[in-house]
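Data block below; observations after.
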Amino acid sequence: DTVCESTEDRDDFARNYSAWVRSEWDGLTPAEREEVATHIQGHDHPETSQKICELGAAAGFRSIREEYKIRWHAIWRFSDRD
């Protein structure tokens with residue numbers, strides 16, 4: 001899922017992520033990159049990794065581990081076992 005950094009609010013996230021898409025996603029055409037950026041700005045509402053872990057704990061998961069993170073993408077493992 002997408003995550004924001006602890007120092008970013010939603011506007012910072014959208015601006016930073018969109019800038020990354022526009023500058024580095026060279027496998028897409030400029031028009032396609034703009035479509036991605038527009039989607040991010042209008043539809044992505046990421047939480048911080050800390051908030052994701054708090055939500056998992058509140059839902060009853062006993063073990064929550066961030067398995068992988070690169071830039072604004074992260075994968076977590078949630079388990080009801082320690």
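Residues are referred to by chain and number: the chain letter is A, B, ... according to the order shown in the structure tokens, the number counts from 1 in that chain, and ligands are numbered separately from 1 in the order shown.
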
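Every protein or nucleic acid residue with an atom no more than 10 Å from Trp20 of chain A, counting only C-alpha atoms and leaving out same-chain residues fewer than 5 positions away, appears here: Ala14, Arg15, Trp25, Arg33, Ala37 and Arg71 of chain A.
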
**Message:** Taking only chain A into account, list the residues labelled strand (DSSP E) by DSSP (computed from the backbone), as a PyMOL selection string.
**Reply:** chain A and resi 63-70+73-79

**Message:** Just the number, please: distance in Å from atom CA of Thr48 of chain A to atom CA of Phe78 of chain A, one decimal.
**Reply:** 15.9 Å

**Message:** Quick check for you: according to DSSP on this backbone, which residues of segment 14-79 of chain A are classed as alpha helix (DSSP H)? Reply as an MDAnalysis selection string.
**Reply:** chainID A and resid 14:24 30:43 49:58

**Request:** For Thr2 of chain A, work out the shell of residues within 9 Å, counting only C-alpha atoms and skipping chain neighbours fewer than 3 positions away, then give it as a ChimeraX atom specification.
**Result:** /A:44-48,71-75

Could you write out that same residue set with N, CA and C atoms as an mmCIF file, in the first residue's frame?
data_model
loop_
_atom_site.group_PDB
_atom_site.id
_atom_site.type_symbol
_atom_site.label_atom_id
_atom_site.label_comp_id
_atom_site.auth_asym_id
_atom_site.auth_seq_id
_atom_site.Cartn_x
_atom_site.Cartn_y
_atom_site.Cartn_z
ATOM 1 N N ASP A 44 -5.610 9.134 -3.385
ATOM 2 C CA ASP A 44 -4.781 8.458 -2.389
ATOM 3 C C ASP A 44 -4.826 9.222 -1.060
ATOM 4 N N HIS A 45 -5.087 8.492 0.004
ATOM 5 C CA HIS A 45 -5.143 9.059 1.356
ATOM 6 C C HIS A 45 -4.326 8.163 2.277
ATOM 7 N N PRO A 46 -3.006 8.207 2.143
ATOM 8 C CA PRO A 46 -2.161 7.273 2.889
ATOM 9 C C PRO A 46 -2.040 7.633 4.362
ATOM 10 N N GLU A 47 -1.735 6.623 5.128
ATOM 11 C CA GLU A 47 -1.395 6.782 6.544
ATOM 12 C C GLU A 47 0.109 6.550 6.680
ATOM 13 N N THR A 48 0.647 6.873 7.834
ATOM 14 C CA THR A 48 2.045 6.547 8.112
ATOM 15 C C THR A 48 2.141 5.060 8.452
ATOM 16 N N ARG A 71 10.385 3.876 -0.931
ATOM 17 C CA ARG A 71 9.772 5.190 -1.101
ATOM 18 C C ARG A 71 8.428 5.252 -0.384
ATOM 19 N N TRP A 72 7.336 5.390 -1.133
ATOM 20 C CA TRP A 72 6.012 5.531 -0.513
ATOM 21 C C TRP A 72 5.179 4.254 -0.620
ATOM 22 N N HIS A 73 5.824 3.115 -0.762
ATOM 23 C CA HIS A 73 5.122 1.837 -0.839
ATOM 24 C C HIS A 73 5.638 0.929 0.265
ATOM 25 N N ALA A 74 4.726 0.223 0.917
ATOM 26 C CA ALA A 74 5.136 -0.694 1.987
ATOM 27 C C ALA A 74 4.227 -1.916 1.988
ATOM 28 N N ILE A 75 4.787 -2.997 2.486
ATOM 29 C CA ILE A 75 4.049 -4.251 2.663
ATOM 30 C C ILE A 75 4.218 -4.661 4.109
#

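Of the listed residues (A:Thr7, A:Ile40, A:Trp76, A:Ser49), A:Trp76 comes nearest to Phe61 of chain A; the distances count only C-alpha atoms.
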
**Asked** From the list A:Asp82, A:Ile70, A:Val21, A:Asp26, which residue is nearest His39 of chain A when using only C-alpha atoms?
**Response** A:Val21
